[in-house]
Amino acid sequence: MRLATVLFCLGVTAAFGETLPERRPALVGSGADSLVNLIDTQGLMQKGQRDAWVMFRCVVGPDGKVGEVLTFRVSPEAELLKHEVSRTLRKARFIAPVNKHHWTYASVSGTVIFFISKGQPRLRVYENQEMDELKRGSDFIAPQPVYVPNSPPSLVSYPGHADSLSTPGTVTLRHSVDANGKTTDVKVVKETPAGEHFGDAALAAVREIDFLPAYRNGKPTASTLTVDFRFLVPGR
């Protein structure tokens, strides 16, 4: 079997012979198995879905496949869209992320916007969750946490004795990343519950993670964004 055929069977998304760049974010892409083309917009409209949005976060692996869907946030009355995004994410293939000239795992924050225009369903998929950017329809990709190639991402550690509380924790951070993917500043904006060191745990985790930088119009750029961390009760 020729090497090019082997690469295709393994699901490698780069063209045969491609020299990998130093870094590249995971990208939605535009192929037949891309998220934007798998979502059944006509079916959603026929089922009664109206204007709505769904924000998701998922892990994309070196083969471009979604290995894990981590979170969802939705607008009111978006359950049909959420179900469709959840279903298709697990089948979709992204353009795989690259870090330090190697395929890697990356956490992708995205938003799917569905709306009806002149009686026809329309869909937009963005790789950020910033409302100002979404309203402008910007070509903006938020920074993506990356992991050691061929190794699944690790979870943020649950802090100290807080596991005995049997309650989840949430932390909102203000996080700055330069055009090389380096964290330049990170601060706790809010943590719940207070006084249980969830903020400290989130800060420690962010400082240890490598990031692909934000991209605007295809070029790496510095960014400062608000990021939410959620700590689930261990064992649940």
# chains A, B, ... in the order shown; residues from 1 in each chain; ligands from 1
>>> residues_around(residues="A:Val186", least_positions_apart="6", cutoff="9 Å", atoms="only C-alpha atoms", output="list in words")
Leu173, Arg174, His175, Ser176, Val177, Leu203, Val206 and Arg207 of chain A
>>> residues_around(residues="stretch 61-78 of chain A", least_positions_apart="5", cutoff="7 Å", atoms="only C-alpha atoms", output="JSON, numbers by chain")
{"A": [11, 12, 13, 52, 53, 54, 55, 56, 89, 90, 92, 93, 94, 95, 96, 97, 103, 104, 105, 106]}
>>> closest_residue(among="A:Arg122, A:Lys187, A:Arg57, A:His102", to="A:Gly43", atoms="only C-alpha atoms")
A:Arg122
>>> closest_residue(among="A:Val112, A:Asp228, A:Ser138, A:Pro121", to="A:Thr88", atoms="only C-alpha atoms")
A:Val112
>>> decode(residues="stretch 20-150 of chain A", atoms="C-alpha atoms", output="PDB file, in the first residue's frame")
ATOM      1  CA  LEU A  20       3.972  21.426   8.699  1.00  0.00           C
ATOM      2  CA  PRO A  21       4.156  25.053   9.845  1.00  0.00           C
ATOM      3  CA  GLU A  22       5.401  25.992  13.295  1.00  0.00           C
ATOM      4  CA  ARG A  23       1.815  26.379  14.462  1.00  0.00           C
ATOM      5  CA  ARG A  24      -1.685  26.382  13.045  1.00  0.00           C
ATOM      6  CA  PRO A  25      -5.042  26.347  14.842  1.00  0.00           C
ATOM      7  CA  ALA A  26      -7.648  23.666  14.375  1.00  0.00           C
ATOM      8  CA  LEU A  27      -9.921  24.925  11.588  1.00  0.00           C
ATOM      9  CA  VAL A  28     -13.536  24.092  10.749  1.00  0.00           C
ATOM     10  CA  GLY A  29     -12.674  23.575   7.088  1.00  0.00           C
ATOM     11  CA  SER A  30     -15.088  23.373   4.174  1.00  0.00           C
ATOM     12  CA  GLY A  31     -15.076  19.737   3.092  1.00  0.00           C
ATOM     13  CA  ALA A  32     -18.081  17.433   2.893  1.00  0.00           C
ATOM     14  CA  ASP A  33     -17.396  16.193   6.443  1.00  0.00           C
ATOM     15  CA  SER A  34     -16.842  19.656   7.940  1.00  0.00           C
ATOM     16  CA  LEU A  35     -19.197  20.806  10.683  1.00  0.00           C
ATOM     17  CA  VAL A  36     -20.689  23.565   8.551  1.00  0.00           C
ATOM     18  CA  ASN A  37     -21.673  21.067   5.834  1.00  0.00           C
ATOM     19  CA  LEU A  38     -22.918  18.261   8.100  1.00  0.00           C
ATOM     20  CA  ILE A  39     -25.548  20.325   9.927  1.00  0.00           C
ATOM     21  CA  ASP A  40     -28.977  19.750   8.372  1.00  0.00           C
ATOM     22  CA  THR A  41     -30.281  23.309   8.053  1.00  0.00           C
ATOM     23  CA  GLN A  42     -33.351  22.348   6.031  1.00  0.00           C
ATOM     24  CA  GLY A  43     -34.288  19.744   8.605  1.00  0.00           C
ATOM     25  CA  LEU A  44     -33.886  22.252  11.417  1.00  0.00           C
ATOM     26  CA  MET A  45     -36.178  24.738   9.688  1.00  0.00           C
ATOM     27  CA  GLN A  46     -38.786  22.059   8.972  1.00  0.00           C
ATOM     28  CA  LYS A  47     -38.771  21.024  12.636  1.00  0.00           C
ATOM     29  CA  GLY A  48     -39.475  24.614  13.655  1.00  0.00           C
ATOM     30  CA  GLN A  49     -36.059  25.889  14.706  1.00  0.00           C
ATOM     31  CA  ARG A  50     -35.874  29.660  14.481  1.00  0.00           C
ATOM     32  CA  ASP A  51     -32.998  32.089  14.988  1.00  0.00           C
ATOM     33  CA  ALA A  52     -30.663  30.655  17.627  1.00  0.00           C
ATOM     34  CA  TRP A  53     -27.056  30.080  18.559  1.00  0.00           C
ATOM     35  CA  VAL A  54     -25.064  27.344  20.266  1.00  0.00           C
ATOM     36  CA  MET A  55     -21.605  27.780  21.775  1.00  0.00           C
ATOM     37  CA  PHE A  56     -19.478  24.658  22.111  1.00  0.00           C
ATOM     38  CA  ARG A  57     -16.029  23.621  23.239  1.00  0.00           C
ATOM     39  CA  CYS A  58     -14.455  20.432  21.965  1.00  0.00           C
ATOM     40  CA  VAL A  59     -11.098  18.697  21.659  1.00  0.00           C
ATOM     41  CA  VAL A  60      -9.777  18.184  18.119  1.00  0.00           C
ATOM     42  CA  GLY A  61      -7.070  15.555  17.679  1.00  0.00           C
ATOM     43  CA  PRO A  62      -4.116  15.109  15.321  1.00  0.00           C
ATOM     44  CA  ASP A  63      -6.385  13.322  12.852  1.00  0.00           C
ATOM     45  CA  GLY A  64      -8.835  16.240  12.764  1.00  0.00           C
ATOM     46  CA  LYS A  65     -11.566  14.267  14.526  1.00  0.00           C
ATOM     47  CA  VAL A  66     -13.442  15.497  17.595  1.00  0.00           C
ATOM     48  CA  GLY A  67     -12.322  13.372  20.522  1.00  0.00           C
ATOM     49  CA  GLU A  68     -14.476  14.947  23.201  1.00  0.00           C
ATOM     50  CA  VAL A  69     -17.223  17.558  23.433  1.00  0.00           C
ATOM     51  CA  LEU A  70     -16.667  19.504  26.644  1.00  0.00           C
ATOM     52  CA  THR A  71     -19.353  22.176  27.047  1.00  0.00           C
ATOM     53  CA  PHE A  72     -22.425  23.738  25.486  1.00  0.00           C
ATOM     54  CA  ARG A  73     -24.071  27.124  26.001  1.00  0.00           C
ATOM     55  CA  VAL A  74     -27.247  27.968  24.112  1.00  0.00           C
ATOM     56  CA  SER A  75     -29.612  30.816  23.385  1.00  0.00           C
ATOM     57  CA  PRO A  76     -33.286  30.504  24.405  1.00  0.00           C
ATOM     58  CA  GLU A  77     -35.269  27.902  22.429  1.00  0.00           C
ATOM     59  CA  ALA A  78     -32.163  26.435  20.795  1.00  0.00           C
ATOM     60  CA  GLU A  79     -32.595  22.778  21.827  1.00  0.00           C
ATOM     61  CA  LEU A  80     -33.098  21.536  18.262  1.00  0.00           C
ATOM     62  CA  LEU A  81     -29.942  23.315  17.144  1.00  0.00           C
ATOM     63  CA  LYS A  82     -28.007  22.049  20.182  1.00  0.00           C
ATOM     64  CA  HIS A  83     -29.015  18.462  19.432  1.00  0.00           C
ATOM     65  CA  GLU A  84     -27.983  18.831  15.783  1.00  0.00           C
ATOM     66  CA  VAL A  85     -24.620  20.428  16.659  1.00  0.00           C
ATOM     67  CA  SER A  86     -23.951  17.708  19.237  1.00  0.00           C
ATOM     68  CA  ARG A  87     -24.790  14.985  16.718  1.00  0.00           C
ATOM     69  CA  THR A  88     -22.686  16.394  13.897  1.00  0.00           C
ATOM     70  CA  LEU A  89     -19.666  17.422  15.997  1.00  0.00           C
ATOM     71  CA  ARG A  90     -18.984  13.770  16.693  1.00  0.00           C
ATOM     72  CA  LYS A  91     -18.917  13.061  12.960  1.00  0.00           C
ATOM     73  CA  ALA A  92     -17.137  16.202  11.803  1.00  0.00           C
ATOM     74  CA  ARG A  93     -13.542  16.478  10.762  1.00  0.00           C
ATOM     75  CA  PHE A  94     -11.537  19.655  11.284  1.00  0.00           C
ATOM     76  CA  ILE A  95      -8.257  20.689   9.723  1.00  0.00           C
ATOM     77  CA  ALA A  96      -5.963  19.325  12.421  1.00  0.00           C
ATOM     78  CA  PRO A  97      -4.037  21.701  14.733  1.00  0.00           C
ATOM     79  CA  VAL A  98      -0.252  21.995  14.581  1.00  0.00           C
ATOM     80  CA  ASN A  99       2.158  23.085  17.312  1.00  0.00           C
ATOM     81  CA  LYS A 100       5.963  23.161  17.058  1.00  0.00           C
ATOM     82  CA  HIS A 101       5.733  21.496  13.624  1.00  0.00           C
ATOM     83  CA  HIS A 102       3.780  18.511  15.011  1.00  0.00           C
ATOM     84  CA  TRP A 103       0.150  17.461  14.883  1.00  0.00           C
ATOM     85  CA  THR A 104      -1.422  18.001  18.278  1.00  0.00           C
ATOM     86  CA  TYR A 105      -4.622  18.110  20.316  1.00  0.00           C
ATOM     87  CA  ALA A 106      -6.348  21.473  20.721  1.00  0.00           C
ATOM     88  CA  SER A 107      -9.409  22.713  22.555  1.00  0.00           C
ATOM     89  CA  VAL A 108     -11.640  24.646  20.159  1.00  0.00           C
ATOM     90  CA  SER A 109     -14.185  27.229  21.320  1.00  0.00           C
ATOM     91  CA  GLY A 110     -16.829  27.764  18.685  1.00  0.00           C
ATOM     92  CA  THR A 111     -20.256  29.217  17.985  1.00  0.00           C
ATOM     93  CA  VAL A 112     -22.890  27.981  15.540  1.00  0.00           C
ATOM     94  CA  ILE A 113     -25.457  30.603  14.506  1.00  0.00           C
ATOM     95  CA  PHE A 114     -28.648  29.520  12.739  1.00  0.00           C
ATOM     96  CA  PHE A 115     -31.143  31.972  11.265  1.00  0.00           C
ATOM     97  CA  ILE A 116     -33.894  32.234   8.673  1.00  0.00           C
ATOM     98  CA  SER A 117     -33.450  34.809   5.901  1.00  0.00           C
ATOM     99  CA  LYS A 118     -36.028  35.332   3.153  1.00  0.00           C
ATOM    100  CA  GLY A 119     -37.597  31.986   3.982  1.00  0.00           C
ATOM    101  CA  GLN A 120     -34.325  30.051   3.729  1.00  0.00           C
ATOM    102  CA  PRO A 121     -32.154  28.610   6.528  1.00  0.00           C
ATOM    103  CA  ARG A 122     -28.690  30.101   6.975  1.00  0.00           C
ATOM    104  CA  LEU A 123     -25.745  28.924   9.056  1.00  0.00           C
ATOM    105  CA  ARG A 124     -22.539  30.512  10.298  1.00  0.00           C
ATOM    106  CA  VAL A 125     -19.781  28.745  12.258  1.00  0.00           C
ATOM    107  CA  TYR A 126     -17.175  30.786  14.122  1.00  0.00           C
ATOM    108  CA  GLU A 127     -14.204  29.668  16.203  1.00  0.00           C
ATOM    109  CA  ASN A 128     -14.739  32.114  19.031  1.00  0.00           C
ATOM    110  CA  GLN A 129     -17.386  32.987  21.600  1.00  0.00           C
ATOM    111  CA  GLU A 130     -16.915  36.746  21.842  1.00  0.00           C
ATOM    112  CA  MET A 131     -20.242  38.500  21.306  1.00  0.00           C
ATOM    113  CA  ASP A 132     -18.696  41.625  19.789  1.00  0.00           C
ATOM    114  CA  GLU A 133     -16.742  39.531  17.279  1.00  0.00           C
ATOM    115  CA  LEU A 134     -19.796  37.402  16.466  1.00  0.00           C
ATOM    116  CA  LYS A 135     -21.999  40.448  15.861  1.00  0.00           C
ATOM    117  CA  ARG A 136     -19.453  41.792  13.403  1.00  0.00           C
ATOM    118  CA  GLY A 137     -19.010  38.421  11.716  1.00  0.00           C
ATOM    119  CA  SER A 138     -15.265  38.760  12.216  1.00  0.00           C
ATOM    120  CA  ASP A 139     -12.719  36.319  10.862  1.00  0.00           C
ATOM    121  CA  PHE A 140     -11.382  35.755  14.368  1.00  0.00           C
ATOM    122  CA  ILE A 141     -10.163  32.515  15.966  1.00  0.00           C
ATOM    123  CA  ALA A 142      -9.773  32.521  19.741  1.00  0.00           C
ATOM    124  CA  PRO A 143      -6.579  31.128  21.313  1.00  0.00           C
ATOM    125  CA  GLN A 144      -6.615  27.328  21.497  1.00  0.00           C
ATOM    126  CA  PRO A 145      -5.049  25.377  24.386  1.00  0.00           C
ATOM    127  CA  VAL A 146      -2.797  22.645  22.982  1.00  0.00           C
ATOM    128  CA  TYR A 147      -1.428  19.408  24.389  1.00  0.00           C
ATOM    129  CA  VAL A 148       1.477  17.042  23.849  1.00  0.00           C
ATOM    130  CA  PRO A 149       1.054  15.333  20.455  1.00  0.00           C
ATOM    131  CA  ASN A 150      -0.559  11.886  20.612  1.00  0.00           C
TER     132      ASN A 150
END
